[in-house]
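Next comes run_0.cif, a file with mmCIF, N, CA and C atoms.
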data_entry
#
loop_
_atom_site.label_atom_id
_atom_site.label_comp_id
_atom_site.auth_asym_id
_atom_site.auth_seq_id
_atom_site.Cartn_x
_atom_site.Cartn_y
_atom_site.Cartn_z
N MET A 965 -22.48 -4.42 -15.20
CA MET A 965 -22.10 -4.02 -13.86
C MET A 965 -20.92 -3.05 -13.89
N LEU A 966 -19.86 -3.38 -14.60
CA LEU A 966 -18.68 -2.52 -14.61
C LEU A 966 -18.90 -1.23 -15.40
N GLN A 967 -19.84 -1.23 -16.33
CA GLN A 967 -20.08 -0.04 -17.11
C GLN A 967 -20.69 1.09 -16.28
N ASN A 968 -21.24 0.78 -15.13
CA ASN A 968 -21.87 1.80 -14.28
C ASN A 968 -20.92 2.38 -13.24
N ILE A 969 -19.66 1.98 -13.26
CA ILE A 969 -18.69 2.47 -12.28
C ILE A 969 -18.06 3.75 -12.81
N SER A 970 -18.09 4.78 -11.98
CA SER A 970 -17.42 6.02 -12.35
C SER A 970 -16.25 6.25 -11.40
N PHE A 971 -15.25 6.95 -11.89
CA PHE A 971 -14.05 7.19 -11.11
C PHE A 971 -13.86 8.69 -10.91
N ASN A 972 -13.45 9.06 -9.71
CA ASN A 972 -13.07 10.43 -9.41
C ASN A 972 -11.56 10.49 -9.56
N ILE A 973 -11.09 10.97 -10.71
CA ILE A 973 -9.66 10.93 -11.02
C ILE A 973 -8.86 11.79 -10.03
N ILE A 974 -9.44 12.89 -9.56
CA ILE A 974 -8.73 13.73 -8.58
C ILE A 974 -8.54 12.94 -7.28
N ALA A 975 -9.56 12.22 -6.85
CA ALA A 975 -9.44 11.39 -5.63
C ALA A 975 -8.39 10.31 -5.83
N ILE A 976 -8.34 9.71 -7.01
CA ILE A 976 -7.35 8.67 -7.28
C ILE A 976 -5.94 9.26 -7.24
N ILE A 977 -5.74 10.43 -7.82
CA ILE A 977 -4.43 11.08 -7.78
C ILE A 977 -4.03 11.38 -6.34
N VAL A 978 -4.97 11.88 -5.56
CA VAL A 978 -4.69 12.15 -4.13
C VAL A 978 -4.32 10.84 -3.44
N CYS A 979 -5.01 9.76 -3.76
CA CYS A 979 -4.71 8.46 -3.15
C CYS A 979 -3.31 7.97 -3.51
N ILE A 980 -2.89 8.21 -4.73
CA ILE A 980 -1.53 7.83 -5.15
C ILE A 980 -0.51 8.59 -4.30
N VAL A 981 -0.72 9.88 -4.15
CA VAL A 981 0.19 10.71 -3.35
C VAL A 981 0.18 10.27 -1.88
N VAL A 982 -1.01 10.03 -1.35
CA VAL A 982 -1.14 9.60 0.05
C VAL A 982 -0.41 8.27 0.26
N ASN A 983 -0.60 7.34 -0.66
CA ASN A 983 0.06 6.04 -0.59
C ASN A 983 1.58 6.22 -0.56
N MET A 984 2.10 7.10 -1.41
CA MET A 984 3.55 7.34 -1.47
C MET A 984 4.05 7.98 -0.17
N ILE A 985 3.29 8.91 0.37
CA ILE A 985 3.68 9.57 1.62
C ILE A 985 3.70 8.56 2.77
N ILE A 986 2.67 7.74 2.85
CA ILE A 986 2.62 6.73 3.91
C ILE A 986 3.81 5.77 3.78
N GLY A 987 4.12 5.35 2.57
CA GLY A 987 5.25 4.46 2.35
C GLY A 987 6.57 5.11 2.74
N ALA A 988 6.75 6.37 2.37
CA ALA A 988 7.97 7.08 2.71
C ALA A 988 8.12 7.19 4.23
N LEU A 989 7.02 7.46 4.91
CA LEU A 989 7.07 7.55 6.38
C LEU A 989 7.25 6.17 7.01
N TRP A 990 6.53 5.18 6.52
CA TRP A 990 6.55 3.84 7.09
C TRP A 990 7.96 3.26 7.11
N TYR A 991 8.68 3.45 6.00
CA TYR A 991 10.02 2.87 5.87
C TYR A 991 11.12 3.87 6.21
N SER A 992 10.75 4.98 6.83
CA SER A 992 11.74 5.98 7.25
C SER A 992 12.21 5.67 8.67
N PRO A 993 13.31 6.30 9.09
CA PRO A 993 13.78 6.11 10.47
C PRO A 993 12.76 6.58 11.51
N LEU A 994 11.82 7.43 11.12
CA LEU A 994 10.79 7.89 12.04
C LEU A 994 9.86 6.76 12.47
N MET A 995 9.69 5.77 11.61
CA MET A 995 8.76 4.69 11.94
C MET A 995 9.50 3.35 11.94
N PHE A 996 9.49 2.64 10.82
CA PHE A 996 10.01 1.27 10.80
C PHE A 996 11.25 1.09 9.93
N GLY A 997 11.90 2.19 9.55
CA GLY A 997 13.07 2.11 8.68
C GLY A 997 14.20 1.30 9.28
N LYS A 998 14.47 1.49 10.54
CA LYS A 998 15.56 0.74 11.19
C LYS A 998 15.22 -0.74 11.25
N ALA A 999 13.99 -1.06 11.57
CA ALA A 999 13.56 -2.47 11.61
C ALA A 999 13.65 -3.07 10.21
N TRP A 1000 13.21 -2.32 9.19
CA TRP A 1000 13.26 -2.80 7.82
C TRP A 1000 14.70 -3.09 7.41
N LEU A 1001 15.61 -2.17 7.72
CA LEU A 1001 17.02 -2.40 7.40
C LEU A 1001 17.53 -3.66 8.08
N SER A 1002 17.23 -3.80 9.34
CA SER A 1002 17.69 -4.97 10.10
C SER A 1002 17.12 -6.27 9.52
N LEU A 1003 15.83 -6.27 9.22
CA LEU A 1003 15.18 -7.48 8.71
C LEU A 1003 15.64 -7.85 7.31
N THR A 1004 16.08 -6.86 6.54
CA THR A 1004 16.58 -7.15 5.19
C THR A 1004 18.09 -7.36 5.16
N GLY A 1005 18.75 -7.12 6.30
CA GLY A 1005 20.19 -7.31 6.37
C GLY A 1005 20.98 -6.21 5.67
N ARG A 1006 20.36 -5.07 5.48
CA ARG A 1006 21.04 -3.96 4.81
C ARG A 1006 21.48 -2.93 5.84
N LYS A 1007 22.38 -2.08 5.39
CA LYS A 1007 22.82 -0.96 6.21
C LYS A 1007 22.43 0.33 5.50
N ALA A 1008 22.11 1.35 6.28
CA ALA A 1008 21.69 2.64 5.70
C ALA A 1008 22.76 3.19 4.77
N GLU A 1009 24.02 2.94 5.10
CA GLU A 1009 25.12 3.46 4.28
C GLU A 1009 25.16 2.84 2.88
N GLU A 1010 24.57 1.66 2.74
CA GLU A 1010 24.55 0.98 1.45
C GLU A 1010 23.57 1.61 0.47
N ILE A 1011 22.60 2.32 0.98
CA ILE A 1011 21.54 2.88 0.14
C ILE A 1011 21.91 4.32 -0.19
N THR A 1012 22.25 4.54 -1.44
CA THR A 1012 22.63 5.89 -1.86
C THR A 1012 21.38 6.73 -2.09
N LYS A 1013 21.58 8.02 -2.09
CA LYS A 1013 20.46 8.94 -2.36
C LYS A 1013 19.90 8.67 -3.76
N GLU A 1014 20.81 8.38 -4.69
CA GLU A 1014 20.39 8.08 -6.07
C GLU A 1014 19.52 6.83 -6.11
N ASP A 1015 19.90 5.79 -5.37
CA ASP A 1015 19.10 4.56 -5.31
C ASP A 1015 17.72 4.85 -4.72
N GLY A 1016 17.71 5.61 -3.63
CA GLY A 1016 16.44 5.95 -2.99
C GLY A 1016 15.53 6.74 -3.89
N ASN A 1017 16.11 7.72 -4.59
CA ASN A 1017 15.30 8.53 -5.52
C ASN A 1017 14.76 7.69 -6.68
N LYS A 1018 15.59 6.79 -7.18
CA LYS A 1018 15.15 5.93 -8.28
C LYS A 1018 14.01 5.03 -7.82
N SER A 1019 14.17 4.43 -6.64
CA SER A 1019 13.12 3.55 -6.11
C SER A 1019 11.82 4.32 -5.89
N MET A 1020 11.92 5.51 -5.32
CA MET A 1020 10.71 6.31 -5.09
C MET A 1020 10.05 6.72 -6.40
N SER A 1021 10.86 6.98 -7.42
CA SER A 1021 10.30 7.34 -8.73
C SER A 1021 9.48 6.19 -9.31
N PHE A 1022 9.98 4.98 -9.16
CA PHE A 1022 9.26 3.82 -9.69
C PHE A 1022 8.14 3.36 -8.77
N ALA A 1023 8.17 3.75 -7.51
CA ALA A 1023 7.12 3.35 -6.55
C ALA A 1023 5.77 3.94 -6.92
N ILE A 1024 5.77 4.92 -7.80
CA ILE A 1024 4.50 5.48 -8.23
C ILE A 1024 3.68 4.46 -9.02
N ILE A 1025 4.34 3.49 -9.62
CA ILE A 1025 3.63 2.49 -10.42
C ILE A 1025 2.75 1.61 -9.52
N PRO A 1026 3.30 0.94 -8.50
CA PRO A 1026 2.39 0.15 -7.64
C PRO A 1026 1.40 1.02 -6.88
N ALA A 1027 1.78 2.26 -6.55
CA ALA A 1027 0.84 3.16 -5.86
C ALA A 1027 -0.34 3.47 -6.77
N ALA A 1028 -0.07 3.70 -8.05
CA ALA A 1028 -1.15 4.01 -9.00
C ALA A 1028 -2.02 2.79 -9.27
N VAL A 1029 -1.40 1.64 -9.48
CA VAL A 1029 -2.17 0.42 -9.74
C VAL A 1029 -3.05 0.09 -8.53
N SER A 1030 -2.49 0.23 -7.32
CA SER A 1030 -3.26 -0.03 -6.10
C SER A 1030 -4.44 0.93 -5.98
N ALA A 1031 -4.20 2.22 -6.25
CA ALA A 1031 -5.27 3.21 -6.15
C ALA A 1031 -6.38 2.93 -7.16
N PHE A 1032 -6.01 2.61 -8.39
CA PHE A 1032 -7.02 2.29 -9.40
C PHE A 1032 -7.75 0.99 -9.06
N GLY A 1033 -7.03 -0.01 -8.57
CA GLY A 1033 -7.65 -1.26 -8.17
C GLY A 1033 -8.63 -1.08 -7.03
N LEU A 1034 -8.23 -0.31 -6.03
CA LEU A 1034 -9.14 -0.04 -4.92
C LEU A 1034 -10.33 0.81 -5.37
N ALA A 1035 -10.10 1.73 -6.30
CA ALA A 1035 -11.21 2.51 -6.85
C ALA A 1035 -12.22 1.60 -7.55
N LEU A 1036 -11.72 0.60 -8.23
CA LEU A 1036 -12.61 -0.37 -8.88
C LEU A 1036 -13.39 -1.17 -7.83
N LEU A 1037 -12.70 -1.65 -6.79
CA LEU A 1037 -13.39 -2.38 -5.72
C LEU A 1037 -14.44 -1.51 -5.03
N VAL A 1038 -14.08 -0.27 -4.76
CA VAL A 1038 -15.04 0.66 -4.13
C VAL A 1038 -16.21 0.90 -5.07
N GLY A 1039 -15.93 1.02 -6.36
CA GLY A 1039 -17.00 1.22 -7.33
C GLY A 1039 -17.95 0.04 -7.41
N ILE A 1040 -17.42 -1.17 -7.29
CA ILE A 1040 -18.25 -2.37 -7.33
C ILE A 1040 -19.04 -2.53 -6.02
N ALA A 1041 -18.35 -2.35 -4.89
CA ALA A 1041 -18.98 -2.59 -3.59
C ALA A 1041 -19.90 -1.47 -3.15
N GLN A 1042 -19.70 -0.27 -3.65
CA GLN A 1042 -20.50 0.89 -3.28
C GLN A 1042 -20.60 1.10 -1.76
N PRO A 1043 -19.47 1.19 -1.08
CA PRO A 1043 -19.52 1.41 0.37
C PRO A 1043 -20.10 2.79 0.68
N GLU A 1044 -20.75 2.88 1.83
CA GLU A 1044 -21.37 4.15 2.20
C GLU A 1044 -20.78 4.76 3.45
N THR A 1045 -20.12 3.95 4.26
CA THR A 1045 -19.60 4.44 5.54
C THR A 1045 -18.10 4.20 5.63
N ILE A 1046 -17.50 4.84 6.61
CA ILE A 1046 -16.07 4.61 6.86
C ILE A 1046 -15.85 3.15 7.24
N PHE A 1047 -16.75 2.57 8.01
CA PHE A 1047 -16.62 1.16 8.36
C PHE A 1047 -16.60 0.29 7.10
N ASP A 1048 -17.50 0.58 6.16
CA ASP A 1048 -17.53 -0.18 4.90
C ASP A 1048 -16.18 -0.05 4.18
N ALA A 1049 -15.65 1.17 4.16
CA ALA A 1049 -14.36 1.41 3.51
C ALA A 1049 -13.25 0.62 4.20
N LEU A 1050 -13.29 0.55 5.52
CA LEU A 1050 -12.28 -0.20 6.27
C LEU A 1050 -12.37 -1.70 5.99
N VAL A 1051 -13.58 -2.19 5.77
CA VAL A 1051 -13.74 -3.60 5.41
C VAL A 1051 -13.07 -3.85 4.07
N ILE A 1052 -13.32 -2.98 3.10
CA ILE A 1052 -12.73 -3.15 1.76
C ILE A 1052 -11.20 -3.05 1.84
N GLY A 1053 -10.71 -2.01 2.49
CA GLY A 1053 -9.26 -1.82 2.60
C GLY A 1053 -8.58 -2.96 3.34
N SER A 1054 -9.20 -3.42 4.41
CA SER A 1054 -8.62 -4.51 5.20
C SER A 1054 -8.62 -5.82 4.42
N LEU A 1055 -9.75 -6.12 3.79
CA LEU A 1055 -9.81 -7.35 3.00
C LEU A 1055 -8.79 -7.33 1.86
N ALA A 1056 -8.73 -6.23 1.14
CA ALA A 1056 -7.79 -6.14 0.02
C ALA A 1056 -6.35 -6.30 0.50
N SER A 1057 -5.99 -5.60 1.57
CA SER A 1057 -4.60 -5.65 2.03
C SER A 1057 -4.23 -7.00 2.61
N VAL A 1058 -5.10 -7.57 3.41
CA VAL A 1058 -4.78 -8.86 4.03
C VAL A 1058 -4.86 -10.00 3.01
N VAL A 1059 -5.93 -10.02 2.23
CA VAL A 1059 -6.12 -11.13 1.29
C VAL A 1059 -5.08 -11.10 0.17
N PHE A 1060 -4.85 -9.95 -0.43
CA PHE A 1060 -3.93 -9.91 -1.56
C PHE A 1060 -2.47 -9.72 -1.13
N SER A 1061 -2.17 -8.66 -0.44
CA SER A 1061 -0.78 -8.41 -0.05
C SER A 1061 -0.31 -9.33 1.07
N GLY A 1062 -1.15 -9.49 2.07
CA GLY A 1062 -0.75 -10.32 3.20
C GLY A 1062 -0.50 -11.76 2.81
N MET A 1063 -1.38 -12.32 2.00
CA MET A 1063 -1.21 -13.71 1.60
C MET A 1063 -0.05 -13.87 0.62
N SER A 1064 0.19 -12.86 -0.23
CA SER A 1064 1.37 -12.90 -1.10
C SER A 1064 2.64 -12.85 -0.26
N ALA A 1065 2.64 -12.02 0.77
CA ALA A 1065 3.80 -11.93 1.65
C ALA A 1065 4.00 -13.25 2.40
N LEU A 1066 2.93 -13.90 2.79
CA LEU A 1066 3.04 -15.18 3.47
C LEU A 1066 3.65 -16.23 2.55
N ASN A 1067 3.30 -16.20 1.28
CA ASN A 1067 3.92 -17.12 0.33
C ASN A 1067 5.42 -16.90 0.25
N LEU A 1068 5.86 -15.66 0.36
CA LEU A 1068 7.30 -15.39 0.34
C LEU A 1068 7.98 -15.97 1.58
N VAL A 1069 7.27 -15.99 2.69
CA VAL A 1069 7.80 -16.64 3.90
C VAL A 1069 7.91 -18.15 3.65
N LEU A 1070 6.86 -18.73 3.10
CA LEU A 1070 6.81 -20.17 2.92
C LEU A 1070 7.76 -20.69 1.86
N PHE A 1071 7.91 -19.95 0.76
CA PHE A 1071 8.66 -20.48 -0.37
C PHE A 1071 10.02 -19.82 -0.60
N GLU A 1072 10.25 -18.64 -0.05
CA GLU A 1072 11.53 -17.97 -0.26
C GLU A 1072 12.32 -17.81 1.02
N GLY A 1073 11.74 -18.22 2.13
CA GLY A 1073 12.45 -18.13 3.40
C GLY A 1073 12.53 -16.72 3.97
N ARG A 1074 11.68 -15.83 3.50
CA ARG A 1074 11.65 -14.49 4.10
C ARG A 1074 11.14 -14.61 5.52
N THR A 1075 11.52 -13.66 6.34
CA THR A 1075 11.08 -13.73 7.73
C THR A 1075 9.63 -13.29 7.87
N LEU A 1076 8.96 -13.89 8.82
CA LEU A 1076 7.58 -13.51 9.10
C LEU A 1076 7.52 -12.05 9.55
N LYS A 1077 8.51 -11.62 10.31
CA LYS A 1077 8.52 -10.23 10.79
C LYS A 1077 8.57 -9.26 9.62
N LEU A 1078 9.39 -9.54 8.62
CA LEU A 1078 9.48 -8.66 7.46
C LEU A 1078 8.16 -8.66 6.70
N SER A 1079 7.56 -9.81 6.54
CA SER A 1079 6.27 -9.89 5.85
C SER A 1079 5.18 -9.14 6.61
N LEU A 1080 5.20 -9.23 7.93
CA LEU A 1080 4.23 -8.49 8.74
C LEU A 1080 4.47 -6.99 8.65
N LEU A 1081 5.73 -6.59 8.57
CA LEU A 1081 6.05 -5.17 8.42
C LEU A 1081 5.47 -4.64 7.11
N HIS A 1082 5.68 -5.37 6.02
CA HIS A 1082 5.15 -4.95 4.72
C HIS A 1082 3.61 -4.98 4.72
N THR A 1083 3.04 -6.03 5.26
CA THR A 1083 1.58 -6.14 5.29
C THR A 1083 0.96 -5.03 6.13
N GLY A 1084 1.63 -4.67 7.21
CA GLY A 1084 1.14 -3.56 8.04
C GLY A 1084 1.06 -2.27 7.25
N TYR A 1085 2.07 -2.03 6.42
CA TYR A 1085 2.05 -0.85 5.55
C TYR A 1085 0.82 -0.88 4.63
N PHE A 1086 0.57 -2.03 4.02
CA PHE A 1086 -0.58 -2.12 3.11
C PHE A 1086 -1.89 -1.97 3.85
N ILE A 1087 -1.99 -2.52 5.04
CA ILE A 1087 -3.23 -2.37 5.81
C ILE A 1087 -3.50 -0.89 6.09
N VAL A 1088 -2.50 -0.17 6.54
CA VAL A 1088 -2.68 1.26 6.85
C VAL A 1088 -2.96 2.04 5.57
N SER A 1089 -2.13 1.86 4.58
CA SER A 1089 -2.25 2.64 3.34
C SER A 1089 -3.56 2.35 2.61
N TRP A 1090 -3.88 1.09 2.42
CA TRP A 1090 -5.06 0.77 1.63
C TRP A 1090 -6.35 1.09 2.37
N ASN A 1091 -6.32 1.07 3.70
CA ASN A 1091 -7.50 1.50 4.44
C ASN A 1091 -7.72 3.00 4.28
N ILE A 1092 -6.65 3.77 4.35
CA ILE A 1092 -6.79 5.22 4.16
C ILE A 1092 -7.24 5.53 2.74
N VAL A 1093 -6.65 4.86 1.77
CA VAL A 1093 -7.05 5.06 0.37
C VAL A 1093 -8.51 4.68 0.19
N SER A 1094 -8.93 3.58 0.76
CA SER A 1094 -10.32 3.15 0.64
C SER A 1094 -11.28 4.16 1.27
N ILE A 1095 -10.88 4.73 2.40
CA ILE A 1095 -11.72 5.76 3.03
C ILE A 1095 -11.83 6.99 2.13
N ILE A 1096 -10.72 7.43 1.57
CA ILE A 1096 -10.73 8.59 0.67
C ILE A 1096 -11.66 8.33 -0.51
N LEU A 1097 -11.52 7.15 -1.13
CA LEU A 1097 -12.33 6.83 -2.30
C LEU A 1097 -13.81 6.68 -1.96
N THR A 1098 -14.10 6.21 -0.75
CA THR A 1098 -15.50 6.05 -0.33
C THR A 1098 -16.14 7.40 -0.06
N LEU A 1099 -15.42 8.28 0.61
CA LEU A 1099 -16.00 9.57 1.00
C LEU A 1099 -15.97 10.61 -0.12
N TRP A 1100 -15.05 10.46 -1.06
CA TRP A 1100 -14.86 11.48 -2.10
C TRP A 1100 -15.28 10.90 -3.46
N LYS A 1101 -16.58 10.77 -3.64
CA LYS A 1101 -17.10 10.18 -4.89
C LYS A 1101 -17.41 11.24 -5.91
#
Re-express the file's structure as structure tokens.
Amino acid sequence: MLQNISFNIIAIIVCIVVNMIIGALWYSPLMFGKAWLSLTGRKAEEITKEDGNKSMSFAIIPAAVSAFGLALLVGIAQPETIFDALVIGSLASVVFSGMSALNLVLFEGRTLKLSLLHTGYFIVSWNIVSIILTLWK
């Protein structure tokens, strides 16, 4: 089964970039950056440009792993429509990221609002990535 899966490496690279752009926007002051700061108890002044650049540099790792993982799911499921892609992206984001975030609420005392903020990012990002991978085979 897995030997018949092919990957469009250009689509995966685009998905990595798209994921990073969505994350940068999602956690920026344009969208949910102020809420994220408030929910984490941080202040914007505490985050140096160097810290931000370092974090963004390393954020390529989860973006790449997510893109390759979703490419594998898309390869196995063989979705044909945007709706199919949305089912894959939604299931992956809610089942894996959402439930992991819920565990952090239950066992680490993180706030539900913060977990929902993070899960919302994954729902948006992974659905878009899933659509790209479905349409660009």
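Near region 978-983 of chain A, within a cut-off of 8 Å and counting only C-alpha atoms, sit the residues Ile1024, Ala1027, Ala1028, Ala1031, Ser1089, Trp1090, Val1093, Ile1096 and Leu1097 of chain A, with same-chain residues fewer than 6 positions away left out.
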(Q) For the helix (DSSP H, G or I) assignment from backbone DSSP, which residues of region 992-1067 of chain A qualify? Please present them as a ChimeraX atom specification. (A) /A:997-1004,1008-1010,1013-1022,1024-1041,1046-1067
**Prompt:** Counting all atoms listed in the file, what is within 6 Å of region 1078-1084 of chain A, bar same-chain residues fewer than 6 positions away, as a VMD selection string?
**Reply:** chain A and resid 1003 1061 to 1062 1065
Correct to one decimal, the distance CA of Ile1087 (chain A)-CA of Val1029 (chain A) is 15.8 Å
ask   = Could you tell me, as a list of chain:residue names, which residues have any atom at most 10 Å from (-18.9, 6.8, 4.6), counting only C-alpha atoms?
value = A:Gln1042, A:Pro1043, A:Glu1044, A:Thr1045, A:Ile1046, A:Phe1047, A:Asp1048, A:Ala1049, A:Leu1050, A:Ile1095, A:Ile1096, A:Leu1097, A:Thr1098, A:Leu1099, A:Trp1100
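Take CA of Phe1060 (chain A) and CA of Ser1030 (chain A): the distance between them is 10.9 Å.
In this structure, atom C of Asn1091 (chain A) sits 23.3 Å away from CA of Ser1019 (chain A).
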